[in-house]
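Data file: structure-v2.tsv. Format and content: TSV, C-alpha atoms.
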```tsv
chain	number	residue	atom	x	y	z
A	30	MET	CA	-68.97	-20.31	9.69
A	31	ARG	CA	-69.83	-17.26	7.62
A	32	ILE	CA	-68.13	-14.94	10.14
A	33	LYS	CA	-64.97	-17.11	10.03
A	34	SER	CA	-64.90	-16.89	6.21
A	35	VAL	CA	-65.25	-13.10	6.29
A	36	ILE	CA	-62.36	-12.78	8.78
A	37	THR	CA	-60.13	-15.06	6.68
A	38	LEU	CA	-60.90	-13.07	3.52
A	39	SER	CA	-60.18	-9.77	5.31
A	40	LEU	CA	-56.79	-11.00	6.55
A	41	PHE	CA	-55.91	-12.21	3.05
A	42	CYS	CA	-56.77	-8.83	1.50
A	43	ALA	CA	-54.79	-7.00	4.20
A	44	THR	CA	-51.75	-9.16	3.43
A	45	LEU	CA	-52.03	-8.29	-0.27
A	46	ASN	CA	-52.27	-4.58	0.58
A	47	LEU	CA	-49.18	-4.77	2.83
A	48	ARG	CA	-47.17	-6.51	0.12
A	49	ALA	CA	-48.22	-4.00	-2.49
A	50	GLY	CA	-47.80	-0.87	-0.37
A	51	SER	CA	-44.83	-1.60	1.91
A	52	PRO	CA	-41.38	-0.36	0.83
A	53	ALA	CA	-38.83	-3.02	-0.14
A	54	ILE	CA	-36.30	-4.00	2.52
A	55	ASN	CA	-32.77	-3.26	1.24
A	56	LEU	CA	-30.53	-6.04	2.50
A	57	PRO	CA	-26.76	-5.53	2.24
A	58	ALA	CA	-25.51	-6.75	-1.11
A	59	SER	CA	-23.09	-9.62	-0.81
A	60	PRO	CA	-19.82	-9.16	-2.71
A	61	PRO	CA	-19.72	-10.80	-6.15
A	62	ASP	CA	-18.00	-14.16	-6.50
A	63	LYS	CA	-14.69	-13.28	-8.17
A	64	SER	CA	-12.83	-16.48	-7.32
A	65	GLY	CA	-12.82	-17.64	-10.94
A	66	TYR	CA	-10.81	-14.68	-12.23
A	67	ASN	CA	-7.06	-14.96	-12.70
A	68	LEU	CA	-4.15	-13.60	-14.73
A	69	PHE	CA	-5.57	-15.09	-17.95
A	70	ASN	CA	-9.24	-14.44	-17.12
A	71	PRO	CA	-9.27	-10.80	-15.96
A	72	THR	CA	-11.82	-9.33	-13.58
A	73	PRO	CA	-14.46	-7.38	-15.60
A	74	GLU	CA	-14.25	-3.61	-15.18
A	75	ALA	CA	-17.69	-3.44	-13.55
A	76	GLN	CA	-16.52	-5.74	-10.74
A	77	MET	CA	-13.14	-4.13	-10.07
A	78	ARG	CA	-12.58	-2.74	-6.59
A	79	ASP	CA	-11.80	0.92	-5.95
A	80	PHE	CA	-8.37	2.19	-6.96
A	81	ASP	CA	-5.83	1.52	-4.23
A	82	THR	CA	-2.05	1.95	-4.00
A	83	ASP	CA	0.85	1.08	-1.69
A	84	ARG	CA	2.40	4.52	-2.21
A	85	PRO	CA	2.96	7.30	-1.31
A	86	ASP	CA	3.34	6.42	2.37
A	87	LYS	CA	5.55	3.55	3.59
A	88	THR	CA	2.57	1.67	5.04
A	89	ASN	CA	1.48	-0.85	2.42
A	90	SER	CA	-2.19	-1.54	1.80
A	91	PRO	CA	-3.78	-4.95	2.60
A	92	TYR	CA	-5.72	-4.85	-0.69
A	93	THR	CA	-4.46	-6.64	-3.78
A	94	LEU	CA	-4.82	-5.69	-7.44
A	95	ASP	CA	-7.73	-7.26	-9.31
A	96	ALA	CA	-6.85	-10.40	-11.26
A	97	GLY	CA	-5.55	-9.91	-14.80
A	98	HIS	CA	-4.87	-6.18	-14.41
A	99	LEU	CA	-1.65	-4.13	-14.26
A	100	GLN	CA	-0.73	-1.20	-12.05
A	101	PHE	CA	2.27	1.12	-12.20
A	102	GLU	CA	3.28	3.11	-9.10
A	103	SER	CA	6.37	5.31	-9.15
A	104	ASP	CA	8.24	8.32	-7.85
A	105	LEU	CA	8.60	10.75	-10.72
A	106	LEU	CA	11.34	12.47	-8.73
A	107	SER	CA	12.63	11.92	-5.20
A	108	PHE	CA	15.27	13.86	-3.24
A	109	THR	CA	16.88	12.76	0.04
A	110	HIS	CA	19.23	14.83	2.21
A	111	ASN	CA	21.20	13.82	5.30
A	112	ASN	CA	23.86	15.44	7.49
A	113	ASP	CA	25.70	13.01	9.76
A	114	SER	CA	28.61	14.39	11.82
A	115	GLY	CA	29.49	16.94	9.15
A	116	ILE	CA	29.21	14.50	6.25
A	117	HIS	CA	26.55	15.72	3.82
A	118	SER	CA	24.89	13.23	1.50
A	119	GLU	CA	22.28	13.76	-1.21
A	120	ASN	CA	20.38	11.25	-3.28
A	121	TRP	CA	18.31	11.93	-6.39
A	122	MET	CA	16.05	9.18	-7.70
A	123	VAL	CA	14.04	9.09	-10.92
A	124	GLY	CA	11.46	6.41	-11.62
A	125	ASN	CA	11.52	4.43	-8.37
A	126	ALA	CA	8.90	2.10	-9.82
A	127	ASP	CA	6.61	-0.68	-8.59
A	128	PHE	CA	5.02	-2.83	-11.33
A	129	ARG	CA	2.06	-4.83	-9.98
A	130	ILE	CA	0.34	-7.75	-11.75
A	131	GLY	CA	-2.96	-9.19	-10.49
A	132	LEU	CA	-2.56	-12.98	-10.30
A	133	THR	CA	-5.81	-14.00	-8.60
A	134	ASN	CA	-8.59	-12.21	-6.73
A	135	TRP	CA	-6.47	-12.42	-3.57
A	136	ALA	CA	-2.82	-12.15	-4.74
A	137	ASP	CA	-0.63	-9.88	-6.85
A	138	LEU	CA	3.01	-10.03	-7.97
A	139	GLN	CA	5.25	-6.96	-7.68
A	140	PHE	CA	8.52	-5.86	-9.26
A	141	LEU	CA	10.14	-2.86	-7.55
A	142	ILE	CA	13.17	-1.17	-9.10
A	143	PRO	CA	14.77	2.29	-8.94
A	144	PHE	CA	15.50	3.09	-12.59
A	145	TYR	CA	18.04	5.83	-11.92
A	146	GLN	CA	19.87	7.03	-8.82
A	147	PHE	CA	22.47	9.73	-8.29
A	148	ASN	CA	24.35	9.87	-4.98
A	149	HIS	CA	26.64	12.63	-3.75
A	150	GLU	CA	28.52	12.48	-0.44
A	151	THR	CA	31.13	14.80	1.04
A	152	GLY	CA	34.63	13.46	0.37
A	153	ALA	CA	33.48	10.58	-1.83
A	154	ALA	CA	33.07	10.02	-5.55
A	155	ASN	CA	29.59	10.46	-7.02
A	156	THR	CA	27.72	7.27	-7.91
A	157	ARG	CA	24.87	6.79	-10.34
A	158	GLY	CA	22.90	4.08	-12.12
A	159	ILE	CA	20.13	1.55	-11.62
A	160	GLY	CA	19.15	0.22	-8.20
A	161	ASP	CA	18.43	-3.24	-6.79
A	162	LEU	CA	15.43	-5.20	-8.07
A	163	THR	CA	12.96	-6.33	-5.42
A	164	VAL	CA	10.34	-9.01	-6.15
A	165	GLY	CA	7.27	-9.16	-3.94
A	166	LEU	CA	4.14	-11.25	-3.46
A	167	LYS	CA	1.14	-9.73	-1.69
A	168	THR	CA	-1.79	-11.83	-0.51
A	169	ASN	CA	-5.09	-10.71	1.02
A	170	PHE	CA	-6.66	-12.73	3.85
A	171	TRP	CA	-9.97	-10.87	4.22
A	172	GLY	CA	-11.75	-7.64	3.27
A	173	ASN	CA	-10.59	-7.32	-0.34
A	174	ASP	CA	-14.11	-6.76	-1.67
A	175	GLY	CA	-16.00	-5.37	1.31
A	176	GLY	CA	-16.08	-4.77	5.04
A	177	ASP	CA	-14.64	-2.19	7.42
A	178	THR	CA	-11.34	-4.05	7.93
A	179	ALA	CA	-8.87	-5.92	5.74
A	180	GLY	CA	-5.71	-7.92	6.31
A	181	GLY	CA	-2.93	-9.38	4.21
A	182	LEU	CA	0.70	-10.47	4.01
A	183	GLY	CA	3.60	-9.27	1.88
A	184	LEU	CA	6.81	-11.23	1.13
A	185	TYR	CA	9.73	-9.40	-0.52
A	186	VAL	CA	13.18	-10.43	-1.78
A	187	LYS	CA	15.80	-7.86	-2.85
A	188	THR	CA	18.28	-9.06	-5.46
A	189	PRO	CA	21.77	-7.51	-5.94
A	190	THR	CA	21.24	-6.00	-9.39
A	191	ALA	CA	22.32	-2.43	-8.63
A	192	SER	CA	25.06	-0.64	-10.53
A	193	HIS	CA	28.54	-0.57	-9.00
A	194	SER	CA	28.71	1.13	-5.57
A	195	LEU	CA	24.91	1.71	-5.39
A	196	GLY	CA	24.04	-1.54	-3.61
A	197	ASN	CA	25.64	-3.82	-1.05
A	198	GLY	CA	25.69	-6.83	-3.38
A	199	LYS	CA	23.61	-8.93	-0.96
A	200	VAL	CA	20.26	-10.69	-1.13
A	201	GLU	CA	17.90	-9.31	1.52
A	202	GLY	CA	14.19	-9.69	2.26
A	203	SER	CA	11.21	-8.96	4.47
A	204	ALA	CA	7.85	-10.33	5.55
A	205	GLU	CA	5.11	-7.96	6.74
A	206	PHE	CA	1.52	-8.21	7.92
A	207	PHE	CA	-0.78	-5.50	6.53
A	208	PHE	CA	-3.95	-4.27	8.24
A	209	GLY	CA	-6.42	-1.56	7.26
A	210	ALA	CA	-9.63	-0.25	8.84
A	211	ASN	CA	-12.27	2.41	8.27
A	212	LEU	CA	-12.63	4.78	11.22
A	213	PRO	CA	-15.40	7.24	12.20
A	214	ALA	CA	-15.71	10.67	10.57
A	215	GLY	CA	-14.27	9.48	7.25
A	216	PHE	CA	-10.83	8.59	8.59
A	217	GLY	CA	-8.92	5.42	7.79
A	218	VAL	CA	-5.89	3.71	9.26
A	219	GLY	CA	-3.25	1.35	7.94
A	220	VAL	CA	-0.83	-0.67	10.07
A	221	ASN	CA	2.22	-2.73	9.02
A	222	ASN	CA	4.17	-5.08	11.29
A	223	GLY	CA	6.98	-7.32	10.14
A	224	VAL	CA	10.62	-8.26	10.03
A	225	GLY	CA	13.38	-7.43	7.55
A	226	ILE	CA	16.46	-9.60	6.99
A	227	VAL	CA	19.36	-7.21	6.36
A	228	ALA	CA	23.03	-7.90	5.52
A	229	LYS	CA	25.55	-6.70	8.12
A	230	ASP	CA	28.63	-4.72	7.10
A	231	GLU	CA	30.90	-7.21	8.86
A	232	GLY	CA	29.20	-10.21	7.26
A	233	GLY	CA	26.15	-12.29	8.05
A	234	TYR	CA	22.62	-11.01	8.56
A	235	ARG	CA	20.50	-9.34	11.21
A	236	ALA	CA	16.76	-8.93	11.72
A	237	ASP	CA	15.09	-5.50	11.76
A	238	ILE	CA	11.64	-5.11	13.33
A	239	ILE	CA	9.46	-3.01	11.01
A	240	ASN	CA	6.39	-1.12	12.23
A	241	SER	CA	4.34	1.70	10.76
A	242	ILE	CA	0.96	3.34	11.23
A	243	SER	CA	-0.67	5.74	8.78
A	244	PHE	CA	-3.87	7.79	9.19
A	245	TYR	CA	-5.58	9.17	6.11
A	246	HIS	CA	-8.58	11.35	5.36
A	247	LYS	CA	-10.27	12.90	2.35
A	248	ILE	CA	-9.93	16.70	2.35
A	249	ALA	CA	-12.28	17.62	-0.49
A	250	GLY	CA	-13.30	15.96	-3.75
A	251	PRO	CA	-10.38	13.94	-5.13
A	252	VAL	CA	-7.81	15.31	-2.64
A	253	SER	CA	-6.75	13.26	0.41
A	254	THR	CA	-4.00	13.54	3.00
A	255	TYR	CA	-2.11	11.21	5.33
A	256	LEU	CA	0.05	11.32	8.46
A	257	GLU	CA	2.38	8.41	9.20
A	258	PHE	CA	4.92	7.19	11.71
A	259	PHE	CA	7.48	4.61	10.49
A	260	SER	CA	10.00	2.66	12.56
A	261	SER	CA	12.70	0.11	11.79
A	262	VAL	CA	14.44	-1.24	14.89
A	263	PRO	CA	17.52	-3.48	14.48
A	264	THR	CA	17.92	-6.44	16.81
A	265	GLN	CA	21.65	-5.60	17.04
A	266	ASN	CA	22.41	-3.28	19.95
A	267	SER	CA	25.25	-1.66	18.00
A	268	ARG	CA	22.83	-0.25	15.43
A	269	ASP	CA	20.49	2.73	15.84
A	270	TRP	CA	16.80	2.54	15.02
A	271	VAL	CA	15.29	4.47	12.13
A	272	GLY	CA	12.19	6.57	12.78
A	273	THR	CA	10.40	9.01	10.47
A	274	VAL	CA	7.25	11.14	10.55
A	275	ASP	CA	5.71	11.38	7.08
A	276	VAL	CA	3.00	13.61	5.59
A	277	GLY	CA	1.60	13.91	2.09
A	278	LEU	CA	-1.24	14.54	-0.33
A	279	THR	CA	-2.88	12.43	-3.05
A	280	VAL	CA	-5.08	13.61	-5.94
A	281	MET	CA	-7.27	11.24	-7.96
A	282	ILE	CA	-7.74	11.89	-11.68
A	283	GLY	CA	-10.72	9.81	-12.78
A	284	LYS	CA	-10.87	6.21	-11.55
A	285	ASN	CA	-7.44	4.90	-12.50
A	286	VAL	CA	-4.84	7.67	-12.06
A	287	GLN	CA	-3.43	9.18	-8.87
A	288	PHE	CA	-0.77	11.86	-8.34
A	289	ASP	CA	0.93	12.33	-5.00
A	290	THR	CA	3.53	14.35	-3.14
A	291	GLY	CA	5.02	13.91	0.31
A	292	LEU	CA	7.63	14.78	2.90
A	293	ASN	CA	9.41	12.27	5.17
A	294	ILE	CA	11.17	13.77	8.20
A	295	GLY	CA	13.77	11.82	10.15
A	296	VAL	CA	13.23	11.91	13.93
A	297	THR	CA	16.13	9.62	14.94
A	298	HIS	CA	19.87	9.89	14.38
A	299	ALA	CA	20.00	6.90	11.99
A	300	ALA	CA	17.21	8.20	9.73
A	301	ASP	CA	17.76	10.49	6.75
A	302	ASP	CA	17.05	14.09	7.74
A	303	LEU	CA	14.63	14.79	4.91
A	304	GLN	CA	13.07	13.14	1.88
A	305	THR	CA	10.62	14.78	-0.51
A	306	PHE	CA	9.01	13.38	-3.65
A	307	VAL	CA	6.29	13.58	-6.29
A	308	GLY	CA	4.81	10.46	-7.86
A	309	VAL	CA	2.10	8.89	-9.97
A	310	SER	CA	0.12	5.66	-10.05
A	311	VAL	CA	-1.84	4.28	-13.02
A	312	ARG	CA	-4.07	1.19	-13.30
A	313	TYR	CA	-4.71	-0.68	-16.55
```
Could you take the file, read its structure, and then write that structure out as structure tokens?
Amino acid sequence: MRIKSVITLSLFCATLNLRAGSPAINLPASPPDKSGYNLFNPTPEAQMRDFDTDRPDKTNSPYTLDAGHLQFESDLLSFTHNNDSGIHSENWMVGNADFRIGLTNWADLQFLIPFYQFNHETGAANTRGIGDLTVGLKTNFWGNDGGDTAGGLGLYVKTPTASHSLGNGKVEGSAEFFFGANLPAGFGVGVNNGVGIVAKDEGGYRADIINSISFYHKIAGPVSTYLEFFSSVPTQNSRDWVGTVDVGLTVMIGKNVQFDTGLNIGVTHAADDLQTFVGVSVRY
């Protein structure tokens, strides 16, 4: 009986020593519950996710803006050039802006509008003014606040608000699925798949199949780069598909400001030959 008591006491002391001397096990922290935040009850700064934008590439992110916060994303200046069968066209755009408003932890509302455009085409009168307003709703399905993948959906409606001769005067729209993933060696990828409803010149509408894939990687410090392929394929055989290869750089300034620059190169006949731009994004 005495031996049994000594063994029991020894085991108890050993357990105490293990608890006192063993390092703590670091379990993965679960994401905070942010479901109660909304437009009128903003997400606290300490719980906001990392800064994320839809620009400068054409592949939109699956992440939404934190509830109750605002984000401004815009071209400061954009220039597009195209030469089609001897007809030269140039487009200058200032303030091609996207205003984003965080509605809930999983949805944000977007207002996209080109504030000023100037178009010049061989043999035609110059046109200038404001562009069409597009209203969008982005929702996130998973991965907003953690994980190696994320997915979401974007719904967009373009309204005919452009100045005379700058728009086609038609309501158009699109629906796209957004996917993002972290890859090995610090790379990331974004993929968009969807359909656009576009007005036809002869009347009625057609569907365009929209696909893009963008790879991005941090170069050093706040500087990152991306390489993208974008495609828009009309379901009408009489129309050509649009394909571009796009490259660019982004530079973070602090936690809530990003500058960017990029070059989009047309690789199909229907695409613009060249587009270059500089832009900025700011979160409030």
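With distances taken over all atoms listed in the file, A:Thr151 is the one residue among A:Thr151, A:Thr254, A:Thr279, A:Gln139 lying closest to Gly115 (chain A).
Proximity to Phe80 (chain A) was assessed for A:Gly283, A:Gly217, A:Gly272, A:Gly131 counting only C-alpha atoms; the smallest distance is recorded for A:Gly283.
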What are the closest atom pairs, with distances in Å to one decimal, for all residues of region 54-102 of chain A lying within 8 Å of region 158-174 of chain A? Consider only C-alpha atoms, order rows by chain and residue number, and present the result as CSV.
```
residue,atom,partner,partner_atom,distance
A:Pro60,CA,A:Asp174,CA,6.3
A:Arg78,CA,A:Asp174,CA,6.5
A:Pro91,CA,A:Asn169,CA,6.1
A:Tyr92,CA,A:Asn173,CA,5.5
A:Thr93,CA,A:Asn169,CA,6.3
```
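In this comparison, which uses only C-alpha atoms, the residue of A:Ala299, A:Lys247, A:Arg235, A:Tyr145 approaching Asp269 (chain A) most closely is A:Ala299.
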Pull the closest atom pair for each residue of region 265-300 of chain A that gets at most 12 Å from region 236-239 of chain A, along with the distance in Å to one decimal, counting all atoms listed in the file, ordering rows by chain and then ascending residue number, as a tab-separated table.
```
residue	atom	partner	partner_atom	distance
A:Gln265	CA	A:Ala236	CA	8.0
A:Asn266	CA	A:Asp237	CA	11.2
A:Arg268	CA	A:Asp237	CA	10.0
A:Asp269	CA	A:Asp237	CA	10.7
A:Trp270	CA	A:Asp237	CA	8.8
A:Val271	CA	A:Ile239	CA	9.5
A:Gly272	CA	A:Ile239	CA	10.1
```
So that I have them on file, write out the residues from the current selection with C-alpha atoms, as a short mmCIF file (atom, residue, chain, number, x, y, z; two decimals), in the frame of the given file.
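Wrote it out as out.cif, contents follow:
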```
data_model
loop_
_atom_site.label_atom_id
_atom_site.label_comp_id
_atom_site.auth_asym_id
_atom_site.auth_seq_id
_atom_site.Cartn_x
_atom_site.Cartn_y
_atom_site.Cartn_z
CA GLN A 265 21.65 -5.60 17.04
CA ASN A 266 22.41 -3.28 19.95
CA ARG A 268 22.83 -0.25 15.43
CA ASP A 269 20.49 2.73 15.84
CA TRP A 270 16.80 2.54 15.02
CA VAL A 271 15.29 4.47 12.13
CA GLY A 272 12.19 6.57 12.78
#
```
message: My list of candidates is A:Phe258, A:Phe306, A:Tyr185, A:Phe288. Which is closest to Glu201 (chain A) when distances are computed with only C-alpha atoms?
response: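 Under the stated criterion, the closest residue is A:Tyr185.
CA of Val252 (chain A) lies 13.7 Å from CA of Val276 (chain A).
Going from CA of Ala153 (chain A) to CA of Thr109 (chain A) covers 16.8 Å.
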- request: Using all atoms listed in the file, pick whichever of A:Phe147, A:Trp135, A:Tyr313, A:Phe101 has the shortest atom-to-atom distance to Trp121 (chain A).
  value: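 Distance minimum relative to Trp121 (chain A) lands on A:Phe147.
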Counting all atoms listed in the file, which residues of region 228-308 of chain A fall within 12 Å of region 84-88 of chain A, and what is the closest atom pair for each with its distance in Å at one decimal, ordered by chain and rising number, as a tab-separated table?
```
residue	atom	partner	partner_atom	distance
A:Ile239	CA	A:Thr88	CA	10.2
A:Asn240	CA	A:Thr88	CA	8.6
A:Ser241	CA	A:Thr88	CA	6.0
A:Ile242	CA	A:Thr88	CA	6.6
A:Ser243	CA	A:Thr88	CA	6.4
A:Phe244	CA	A:Thr88	CA	9.8
A:Tyr245	CA	A:Asp86	CA	10.1
A:Ser253	CA	A:Pro85	CA	11.5
A:Thr254	CA	A:Asp86	CA	10.2
A:Tyr255	CA	A:Asp86	CA	7.8
A:Leu256	CA	A:Asp86	CA	8.5
A:Glu257	CA	A:Asp86	CA	7.2
A:Phe258	CA	A:Lys87	CA	8.9
A:Phe259	CA	A:Lys87	CA	7.2
A:Ser260	CA	A:Lys87	CA	10.1
A:Ser261	CA	A:Lys87	CA	11.4
A:Gly272	CA	A:Lys87	CA	11.7
A:Thr273	CA	A:Lys87	CA	10.0
A:Val274	CA	A:Asp86	CA	10.2
A:Asp275	CA	A:Asp86	CA	7.2
A:Val276	CA	A:Asp86	CA	7.9
A:Gly277	CA	A:Pro85	CA	7.6
A:Leu278	CA	A:Pro85	CA	8.4
A:Thr279	CA	A:Pro85	CA	8.0
A:Val280	CA	A:Pro85	CA	11.2
A:Gln287	CA	A:Arg84	CA	10.0
A:Phe288	CA	A:Pro85	CA	9.2
A:Asp289	CA	A:Pro85	CA	6.6
A:Thr290	CA	A:Pro85	CA	7.3
A:Gly291	CA	A:Pro85	CA	7.1
A:Leu292	CA	A:Asp86	CA	9.4
A:Asn293	CA	A:Asp86	CA	8.9
A:Gln304	CA	A:Asp86	CA	11.8
A:Thr305	CA	A:Pro85	CA	10.7
A:Phe306	CA	A:Pro85	CA	8.9
A:Val307	CA	A:Pro85	CA	8.7
A:Gly308	CA	A:Pro85	CA	7.5
```
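With CA of Asn89 (chain A) on one side and CA of Thr133 (chain A) on the other, the separation reads 18.6 Å.
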- request: Have a look at A:Val220, A:Ala210, A:Ala228, A:Ile294 and name the one nearest to Pro189 (chain A); count all atoms listed in the file.
  value: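 Closest to Pro189 (chain A) of all the choices is A:Ala228.
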For region 145-161 of chain A, what centre and edge lengths in Å (one decimal) does the axis-aligned box get once 5 Å is added on each side of all its listed atoms, as JSON?
```
{"center_x": 26.3, "center_y": 5.8, "center_z": -5.5, "size_x": 26.6, "size_y": 28.0, "size_z": 23.2}
```
Can you pull out every residue within 9 Å of Phe69 (chain A), counting only C-alpha atoms, but drop anything in the same chain fewer than 4 positions away, and send it as a short mmCIF file (atom, residue, chain, number, x, y, z; two decimals) with C-alpha atoms, in the coordinates of the input?
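Listed below is the output, result-v4.cif:
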```cif
data_model
loop_
_atom_site.label_atom_id
_atom_site.label_comp_id
_atom_site.auth_asym_id
_atom_site.auth_seq_id
_atom_site.Cartn_x
_atom_site.Cartn_y
_atom_site.Cartn_z
CA ALA A 96 -6.85 -10.40 -11.26
CA GLY A 97 -5.55 -9.91 -14.80
CA LEU A 132 -2.56 -12.98 -10.30
#
```
Please return, as a compact mmCIF listing (two decimals) with C-alpha atoms, in the coordinates of the input, all polymer residues that have at least one atom within 10 Å of the point (-9.9, -10.8, -16.1); use all atoms listed in the file and the file's own coordinate frame.
```txt
# COMPACT_ATOMS: atom_id res chain seq x y z
CA LYS A 63 -14.69 -13.28 -8.17
CA GLY A 65 -12.82 -17.64 -10.94
CA TYR A 66 -10.81 -14.68 -12.23
CA ASN A 67 -7.06 -14.96 -12.70
CA LEU A 68 -4.15 -13.60 -14.73
CA PHE A 69 -5.57 -15.09 -17.95
CA ASN A 70 -9.24 -14.44 -17.12
CA PRO A 71 -9.27 -10.80 -15.96
CA THR A 72 -11.82 -9.33 -13.58
CA PRO A 73 -14.46 -7.38 -15.60
CA GLU A 74 -14.25 -3.61 -15.18
CA GLN A 76 -16.52 -5.74 -10.74
CA MET A 77 -13.14 -4.13 -10.07
CA ASP A 95 -7.73 -7.26 -9.31
CA ALA A 96 -6.85 -10.40 -11.26
CA GLY A 97 -5.55 -9.91 -14.80
CA HIS A 98 -4.87 -6.18 -14.41
CA GLY A 131 -2.96 -9.19 -10.49
CA LEU A 132 -2.56 -12.98 -10.30
CA THR A 133 -5.81 -14.00 -8.60
CA ASN A 134 -8.59 -12.21 -6.73
```
